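Next comes data.txt, a file with compact mmCIF, C-alpha atoms and all ligand atoms.
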```
# COMPACT_ATOMS: atom_id res chain seq x y z
CA MET A 1 189.23 -118.19 94.69
CA GLN A 2 189.70 -119.07 91.03
CA SER A 3 186.87 -120.93 89.36
CA ILE A 4 187.76 -124.40 88.13
CA VAL A 5 185.90 -123.91 84.84
CA GLU A 6 184.83 -120.59 83.42
CA VAL A 7 182.72 -120.30 80.29
CA LYS A 8 182.52 -116.86 78.71
CA ASN A 9 180.03 -115.81 76.06
CA LEU A 10 180.12 -119.18 74.27
CA TYR A 11 178.51 -119.63 70.84
CA ILE A 12 178.11 -123.01 69.15
CA SER A 13 176.24 -123.74 65.90
CA PHE A 14 175.58 -126.86 63.90
CA ASN A 15 175.38 -125.95 60.23
CA GLU A 16 172.98 -123.02 60.20
CA LYS A 17 171.47 -123.79 63.57
CA LYS A 18 172.65 -121.66 66.48
CA VAL A 19 172.46 -123.77 69.63
CA LEU A 20 174.45 -121.83 72.22
CA LYS A 21 174.14 -118.06 71.89
CA GLY A 22 176.32 -116.46 74.50
CA VAL A 23 176.53 -118.89 77.41
CA SER A 24 178.44 -117.66 80.46
CA PHE A 25 178.85 -119.29 83.88
CA SER A 26 181.50 -120.58 86.20
CA LEU A 27 181.96 -123.88 87.98
CA GLU A 28 183.48 -123.40 91.42
CA GLN A 29 185.92 -125.67 93.19
CA GLY A 30 184.14 -128.53 95.00
CA GLU A 31 180.60 -127.64 93.96
CA CYS A 32 178.00 -129.71 92.16
CA LEU A 33 176.34 -127.58 89.50
CA GLY A 34 173.14 -128.85 87.91
CA LEU A 35 172.28 -127.95 84.32
CA ILE A 36 168.62 -128.12 83.42
CA GLY A 37 166.73 -127.10 80.30
CA GLY A 38 164.34 -128.50 77.71
CA SER A 39 165.22 -131.17 75.21
CA GLY A 40 167.42 -129.90 72.39
CA GLU A 41 168.40 -126.69 74.23
CA GLY A 42 172.08 -127.63 74.03
CA LYS A 43 172.86 -129.07 77.48
CA SER A 44 174.91 -132.00 76.16
CA THR A 45 176.56 -129.70 73.63
CA LEU A 46 177.63 -127.37 76.43
CA LEU A 47 178.99 -130.21 78.56
CA ARG A 48 180.80 -131.75 75.60
CA SER A 49 182.41 -128.43 74.66
CA ILE A 50 184.23 -128.33 78.01
CA ILE A 51 186.33 -131.34 77.03
CA GLY A 52 186.67 -130.33 73.40
CA LEU A 53 184.12 -132.71 71.87
CA GLU A 54 182.30 -129.69 70.38
CA HIS A 55 183.98 -126.59 69.04
CA PRO A 56 182.66 -123.11 69.73
CA SER A 57 182.55 -120.51 66.98
CA SER A 58 183.30 -117.83 69.54
CA GLY A 59 183.65 -117.33 73.27
CA LYS A 60 186.06 -118.83 75.73
CA ILE A 61 186.42 -121.78 78.08
CA LEU A 62 188.98 -121.46 80.86
CA PHE A 63 190.15 -124.42 82.93
CA GLU A 64 191.82 -123.34 86.16
CA GLY A 65 192.33 -119.93 84.59
CA GLU A 66 193.94 -121.28 81.41
CA ASN A 67 192.31 -120.79 78.02
CA VAL A 68 191.36 -124.24 76.70
CA THR A 69 189.13 -123.17 73.82
CA ASN A 70 189.66 -124.96 70.51
CA LEU A 71 192.88 -126.73 71.47
CA SER A 72 194.38 -129.44 69.28
CA GLU A 73 193.25 -133.04 69.89
CA GLU A 74 196.63 -133.70 71.47
CA GLU A 75 196.29 -130.81 73.88
CA TYR A 76 192.83 -131.99 74.94
CA ILE A 77 194.32 -135.26 76.18
CA SER A 78 195.76 -133.51 79.23
CA ILE A 79 192.40 -131.81 79.95
CA ARG A 80 190.58 -135.15 79.69
CA LYS A 81 192.86 -136.56 82.38
CA LYS A 82 191.51 -133.93 84.75
CA VAL A 83 187.92 -133.82 83.53
CA SER A 84 185.91 -137.01 83.15
CA TYR A 85 182.73 -137.25 81.14
CA VAL A 86 180.06 -139.74 82.14
CA PHE A 87 178.08 -140.48 78.99
CA GLN A 88 174.36 -140.89 79.21
CA GLY A 89 174.32 -144.61 78.48
CA GLY A 90 177.58 -145.33 80.31
CA ALA A 91 179.34 -145.91 76.96
CA LEU A 92 181.00 -149.07 78.25
CA PHE A 93 183.15 -151.21 76.00
CA ASP A 94 180.81 -154.11 75.30
CA SER A 95 183.57 -156.54 74.39
CA MET A 96 185.41 -155.96 77.67
CA THR A 97 184.52 -157.27 81.10
CA VAL A 98 183.68 -154.89 83.93
CA TYR A 99 187.23 -155.37 85.24
CA GLU A 100 188.77 -154.50 81.87
CA ASN A 101 186.49 -151.48 81.46
CA LEU A 102 187.76 -150.02 84.75
CA ALA A 103 191.39 -151.09 84.26
CA PHE A 104 191.36 -149.45 80.82
CA SER A 105 190.86 -146.05 82.37
CA LEU A 106 193.79 -146.50 84.77
CA ARG A 107 196.06 -147.83 82.02
CA GLU A 108 195.19 -144.75 79.92
CA HIS A 109 195.70 -142.19 82.65
CA THR A 110 198.40 -143.60 84.93
CA ASP A 111 201.54 -145.72 84.73
CA TYR A 112 200.52 -147.97 87.63
CA SER A 113 201.61 -151.61 87.67
CA GLU A 114 199.01 -154.28 86.86
CA ARG A 115 199.12 -155.30 90.49
CA LYS A 116 198.23 -151.82 91.68
CA ILE A 117 195.56 -151.53 88.98
CA ARG A 118 193.97 -154.75 90.24
CA GLU A 119 193.98 -153.47 93.79
CA ILE A 120 192.31 -150.19 92.82
CA VAL A 121 189.74 -151.79 90.50
CA LEU A 122 188.64 -154.27 93.16
CA TYR A 123 188.42 -151.48 95.75
CA GLU A 124 186.29 -149.29 93.47
CA LEU A 125 183.99 -152.20 92.59
CA LYS A 126 183.29 -152.58 96.27
CA GLU A 127 182.74 -148.82 96.66
CA PHE A 128 180.17 -148.86 93.84
CA GLU A 129 178.43 -151.98 95.13
CA LEU A 130 179.60 -154.00 92.16
CA GLU A 131 181.56 -156.60 94.06
CA GLY A 132 181.77 -159.91 92.22
CA CYS A 133 180.88 -158.34 88.84
CA GLU A 134 184.45 -158.09 87.57
CA ASP A 135 184.19 -160.93 85.04
CA MET A 136 180.78 -159.95 83.72
CA TYR A 137 180.21 -158.23 80.39
CA PRO A 138 178.09 -155.05 80.15
CA VAL A 139 175.16 -156.91 78.51
CA GLU A 140 174.89 -159.09 81.60
CA LEU A 141 174.32 -156.09 83.88
CA SER A 142 171.13 -154.22 84.72
CA GLY A 143 170.74 -150.61 83.53
CA GLY A 144 171.55 -149.28 87.00
CA MET A 145 174.66 -151.43 87.27
CA GLN A 146 175.83 -150.30 83.83
CA LYS A 147 175.45 -146.69 84.92
CA ARG A 148 177.45 -147.37 88.08
CA VAL A 149 180.22 -149.04 86.07
CA GLY A 150 180.19 -145.98 83.77
CA ILE A 151 180.66 -143.67 86.73
CA ALA A 152 183.25 -145.94 88.35
CA ARG A 153 185.21 -145.97 85.10
CA ALA A 154 185.01 -142.19 84.74
CA THR A 155 186.12 -141.54 88.31
CA ILE A 156 188.64 -144.31 89.01
CA SER A 157 191.59 -142.18 87.94
CA LYS A 158 190.42 -139.45 90.38
CA PRO A 159 189.67 -136.62 87.98
CA LYS A 160 189.28 -133.11 89.40
CA VAL A 161 186.02 -132.58 87.58
CA ILE A 162 183.25 -134.97 86.59
CA LEU A 163 180.68 -134.04 83.96
CA TYR A 164 177.56 -136.18 84.12
CA ASP A 165 175.04 -136.37 81.28
CA GLU A 166 171.70 -137.54 82.68
CA PRO A 167 173.05 -139.87 85.37
CA THR A 168 169.61 -140.81 86.71
CA SER A 169 167.53 -141.07 83.53
CA GLY A 170 165.80 -144.40 83.05
CA LEU A 171 166.36 -145.53 86.66
CA ASP A 172 163.56 -146.59 88.99
CA PRO A 173 163.13 -144.53 92.19
CA TYR A 174 165.24 -146.92 94.29
CA LYS A 175 168.13 -146.98 91.82
CA LYS A 176 167.81 -143.25 91.33
CA ARG A 177 168.28 -142.74 95.07
CA ASN A 178 171.34 -145.03 95.01
CA MET A 179 172.79 -143.08 92.12
CA GLN A 180 172.23 -139.80 93.96
CA ASN A 181 174.03 -141.28 96.98
CA THR A 182 176.93 -142.42 94.79
CA ILE A 183 177.30 -138.93 93.34
CA MET A 184 177.11 -137.35 96.79
CA LYS A 185 179.82 -139.74 98.00
CA LEU A 186 182.08 -138.62 95.16
CA GLN A 187 181.36 -135.00 96.07
CA LYS A 188 182.56 -135.74 99.59
CA ARG A 189 185.87 -136.93 98.15
CA GLY A 190 186.26 -133.33 96.98
CA THR A 191 185.34 -133.73 93.32
CA THR A 192 183.84 -130.82 91.42
CA SER A 193 180.96 -131.77 89.21
CA MET A 194 178.49 -130.55 86.69
CA MET A 195 175.40 -132.54 85.91
CA VAL A 196 172.87 -132.35 83.10
CA THR A 197 169.55 -133.63 84.34
CA HIS A 198 165.85 -133.62 83.50
CA ASP A 199 165.15 -134.73 86.98
CA MET A 200 164.36 -131.80 89.29
CA SER A 201 164.27 -133.98 92.41
CA THR A 202 167.88 -135.03 91.77
CA ALA A 203 168.94 -131.46 91.01
CA LEU A 204 167.27 -130.11 94.13
CA ARG A 205 168.66 -132.86 96.37
CA ILE A 206 172.29 -132.98 95.32
CA CYS A 207 173.27 -129.81 93.49
CA ASP A 208 174.76 -126.79 95.24
CA ARG A 209 173.57 -124.57 92.40
CA ILE A 210 171.30 -125.06 89.43
CA ALA A 211 171.64 -123.38 86.03
CA LEU A 212 168.76 -123.15 83.57
CA LEU A 213 169.72 -123.19 79.89
CA THR A 214 167.06 -121.90 77.55
CA GLY A 215 167.09 -120.03 74.26
CA GLY A 216 170.82 -120.64 73.98
CA LYS A 217 171.68 -118.82 77.22
CA ILE A 218 171.89 -119.45 80.95
CA LYS A 219 168.73 -117.68 82.10
CA ALA A 220 169.19 -118.27 85.82
CA ILE A 221 171.82 -119.75 88.08
CA ASP A 222 171.21 -120.05 91.80
CA THR A 223 171.03 -122.35 94.83
CA PRO A 224 168.13 -124.84 94.86
CA LYS A 225 166.44 -122.85 97.62
CA ASN A 226 166.70 -119.51 95.80
CA PHE A 227 165.77 -121.20 92.56
CA LYS A 228 162.48 -122.35 94.02
CA GLU A 229 161.81 -118.99 95.63
CA SER A 230 163.01 -116.47 93.03
CA HIS A 231 162.77 -118.27 89.70
CA ASN A 232 159.46 -119.94 90.21
CA VAL A 233 157.97 -119.02 86.85
CA LEU A 234 161.03 -120.22 84.93
CA LEU A 235 161.08 -123.41 86.97
CA ASN A 236 157.37 -124.11 86.50
CA ASN A 237 157.63 -123.61 82.74
CA PHE A 238 160.54 -125.99 82.68
CA VAL A 239 158.76 -128.65 84.74
CA LYS A 240 155.65 -128.26 82.57
CA GLY A 241 157.87 -128.78 79.51
CA ILE A 242 159.25 -132.01 80.97
CA LYS A 243 155.77 -133.34 81.72
CA GLN A 244 154.71 -132.66 78.13
CA GLY A 245 157.73 -134.50 76.75
CA GLU A 246 157.88 -137.20 79.40
CA ASN A 247 158.55 -140.00 76.91
CA HIS A 248 161.83 -138.38 76.17
CA GLU A 249 163.03 -139.08 79.74
CA SER A 250 163.29 -142.79 79.11
CA ALA A 251 166.10 -142.12 76.59
N1 LIG B 1 176.61 -133.29 65.97
C1 LIG B 1 175.52 -132.58 65.73
N2 LIG B 1 175.19 -132.23 64.48
C2 LIG B 1 174.10 -131.48 64.21
N3 LIG B 1 173.25 -131.03 65.16
C3 LIG B 1 173.53 -131.34 66.42
C4 LIG B 1 174.67 -132.14 66.79
N4 LIG B 1 174.68 -132.28 68.14
C5 LIG B 1 173.61 -131.62 68.60
N5 LIG B 1 172.92 -131.06 67.57
C6 LIG B 1 171.71 -130.26 67.69
O1 LIG B 1 171.94 -129.28 68.70
C7 LIG B 1 170.79 -129.12 69.51
C8 LIG B 1 171.16 -129.34 70.95
O2 LIG B 1 171.49 -130.70 71.15
P1 LIG B 1 171.90 -131.28 72.56
O3 LIG B 1 172.12 -132.72 72.36
O4 LIG B 1 173.01 -130.48 73.11
O5 LIG B 1 170.58 -130.98 73.40
P2 LIG B 1 170.20 -131.40 74.88
O6 LIG B 1 169.79 -130.15 75.58
O7 LIG B 1 171.28 -132.20 75.47
O8 LIG B 1 168.90 -132.27 74.62
P3 LIG B 1 168.38 -133.61 75.36
O9 LIG B 1 167.74 -133.14 76.61
O10 LIG B 1 167.38 -134.14 74.38
O11 LIG B 1 169.54 -134.53 75.58
C9 LIG B 1 169.74 -130.08 68.98
O12 LIG B 1 168.89 -129.38 68.13
C10 LIG B 1 170.54 -131.08 68.19
O13 LIG B 1 169.80 -131.59 67.14
MG MG B 2 171.46 -134.23 76.02
```
For this file, write the structure as structure tokens.
Amino acid sequence: MQSIVEVKNLYISFNEKKVLKGVSFSLEQGECLGLIGGSGEGKSTLLRSIIGLEHPSSGKILFEGENVTNLSEEEYISIRKKVSYVFQGGALFDSMTVYENLAFSLREHTDYSERKIREIVLYELKEFELEGCEDMYPVELSGGMQKRVGIARATISKPKVILYDEPTSGLDPYKKRNMQNTIMKLQKRGTTSMMVTHDMSTALRICDRIALLTGGKIKAIDTPKNFKESHNVLLNNFVKGIKQGENHESA
């Protein structure tokens, strides 16, 4: 079967600094692929490049077999209807209520009537355990609730692919578990996803495969079980790296 996203020998630099140096991998239909790696290795850059927020100097990105590398801004609009990006902090519109934040996404991506939009928004709020929050503003919500609104907004228009950047960072263990459950629920709806995370327990619990980005390349990509068994040294070095830079995790 055709991969939903295929990245081939991707290079991305910022000024003189080479960040991605020949990244290749594929994201398969329906899977949840975790992306781990140390701070500054280029995980967010890689995720952002898939929807055209970063531009590679060489290499290719295919979406459902079609070359989508370095398209025009206009052409990326159609890709962004199919691929949602969940920003690390949720990136909610602070001046809009929760309802308006979610409705915005549907107004952008569909031509539904306001009545239908209301129906869908209220349904999704219930699904994400945010019932009764529709008139609240983002500042009035807890960090975990803001993250859930961010995910609800990114997924309400039913994208084929969801890209998550650190969906569990800064959450306490209980909220982390809830977030993992939310993501697993979306997987069951048939969404394909890719997730940057520093959190090995999340990666091991919910990802079908895990990719390790280091030195500008994907050094290993495998199932959680094989990862633990066959890439132990890589994994231990990575976990050690996280422990040394633990303060970073609260970002
Ligand atoms: N717009 C930019 N301009 C210049 N340098 C950038 C830009 N975006 C990222 N970089 C640099 O590229 C490198 C990779 O950044 P990126 O944000 O992708 O890392 P990351 O793996 O997501 O790190 P973290 O785990 O800290 O989020 C870093 O050295 C960063 O400083
Ligand atoms: Mg990042």
Taking only C-alpha atoms and all ligand atoms into account, report as a compact mmCIF listing (two decimals) with C-alpha atoms, in the frame of the given file which residues have an atom no farther than 12 Å from an atom of ligand LIG 1 (chain B).
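Result file is selection23.txt:
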```txt
# COMPACT_ATOMS: atom_id res chain seq x y z
CA TYR A 11 178.51 -119.63 70.84
CA ILE A 12 178.11 -123.01 69.15
CA SER A 13 176.24 -123.74 65.90
CA PHE A 14 175.58 -126.86 63.90
CA ASN A 15 175.38 -125.95 60.23
CA GLU A 16 172.98 -123.02 60.20
CA LYS A 17 171.47 -123.79 63.57
CA LYS A 18 172.65 -121.66 66.48
CA VAL A 19 172.46 -123.77 69.63
CA LEU A 20 174.45 -121.83 72.22
CA LYS A 21 174.14 -118.06 71.89
CA LEU A 35 172.28 -127.95 84.32
CA ILE A 36 168.62 -128.12 83.42
CA GLY A 37 166.73 -127.10 80.30
CA GLY A 38 164.34 -128.50 77.71
CA SER A 39 165.22 -131.17 75.21
CA GLY A 40 167.42 -129.90 72.39
CA GLU A 41 168.40 -126.69 74.23
CA GLY A 42 172.08 -127.63 74.03
CA LYS A 43 172.86 -129.07 77.48
CA SER A 44 174.91 -132.00 76.16
CA THR A 45 176.56 -129.70 73.63
CA LEU A 46 177.63 -127.37 76.43
CA LEU A 47 178.99 -130.21 78.56
CA ARG A 48 180.80 -131.75 75.60
CA SER A 49 182.41 -128.43 74.66
CA LEU A 53 184.12 -132.71 71.87
CA GLU A 54 182.30 -129.69 70.38
CA HIS A 55 183.98 -126.59 69.04
CA PHE A 87 178.08 -140.48 78.99
CA GLN A 88 174.36 -140.89 79.21
CA GLY A 89 174.32 -144.61 78.48
CA TYR A 164 177.56 -136.18 84.12
CA ASP A 165 175.04 -136.37 81.28
CA GLU A 166 171.70 -137.54 82.68
CA PRO A 167 173.05 -139.87 85.37
CA SER A 169 167.53 -141.07 83.53
CA MET A 195 175.40 -132.54 85.91
CA VAL A 196 172.87 -132.35 83.10
CA THR A 197 169.55 -133.63 84.34
CA HIS A 198 165.85 -133.62 83.50
CA ASP A 199 165.15 -134.73 86.98
CA LEU A 212 168.76 -123.15 83.57
CA LEU A 213 169.72 -123.19 79.89
CA THR A 214 167.06 -121.90 77.55
CA GLY A 215 167.09 -120.03 74.26
CA GLY A 216 170.82 -120.64 73.98
CA LYS A 217 171.68 -118.82 77.22
CA PHE A 238 160.54 -125.99 82.68
CA GLY A 241 157.87 -128.78 79.51
CA ILE A 242 159.25 -132.01 80.97
CA GLY A 245 157.73 -134.50 76.75
CA GLU A 246 157.88 -137.20 79.40
CA ASN A 247 158.55 -140.00 76.91
CA HIS A 248 161.83 -138.38 76.17
CA GLU A 249 163.03 -139.08 79.74
CA SER A 250 163.29 -142.79 79.11
CA ALA A 251 166.10 -142.12 76.59
```
- Item | Shell of 8 Å around range 98-104 of chain A, all atoms listed in the file, local chain residues under 3 positions omitted, as a list in words |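 In the requested form, the answer reads Leu92, Phe93, Arg107, Glu108, Ile117, Arg118, Val121, Cys133, Glu134, Asp135, Met136, Tyr137, Pro138, Val149, Ala152, Arg153 and Ile156 of chain A.
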- Task: Could you check how far CA of Asn178 in chain A sits from CA of Gly144 in chain A, in Å to one decimal?
- Result: 9.1 Å
- Message: I'd like to know which of A:Ile221, A:Ala91, A:Met200, A:Leu141 is closest to Ser24 in chain A, using all atoms listed in the file.
- Response: A:Ile221
- Note on the structure: Correct to one decimal, the distance CA of Lys8 in chain A-CA of Leu33 in chain A is 16.4 Å
- Suppose you want the space between CA of Leu10 in chain A and CA of Leu186 in chain A; what is it in Å?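 That distance, rounded to one decimal, is 28.6 Å.
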- Item | Surrounding residues of Phe63 in chain A excluding itself and chain neighbours under 4 positions, 7 Å, only C-alpha atoms, as a PyMOL selection string | chain A and resi 4-6+67-68
- Pick from A:Ala203, A:Cys32, A:Met184, A:Met1, whichever lies nearest to Gly65 in chain A using all atoms listed in the file: A:Met1
Let me have the centre and edge lengths of the axis-aligned box enclosing all listed atoms of range 24-40 of chain A with 3 Å padding on every side, in Å to one decimal, as JSON.
```
{"center_x": 175.1, "center_y": -124.4, "center_z": 83.7, "size_x": 27.6, "size_y": 19.5, "size_z": 28.6}
```
- Which residues come within 9 Å of range 82-84 of chain A, counting only C-alpha atoms, excluding same-chain residues fewer than 2 positions away, as a list in words?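 Neighbouring residues, sequence-local ones excluded: Ile50, Ile51, Ser78, Ile79, Arg80, Val86, Ala154, Thr155, Ser157, Lys158, Pro159, Lys160, Val161, Ile162, Leu163 and Tyr164 of chain A.
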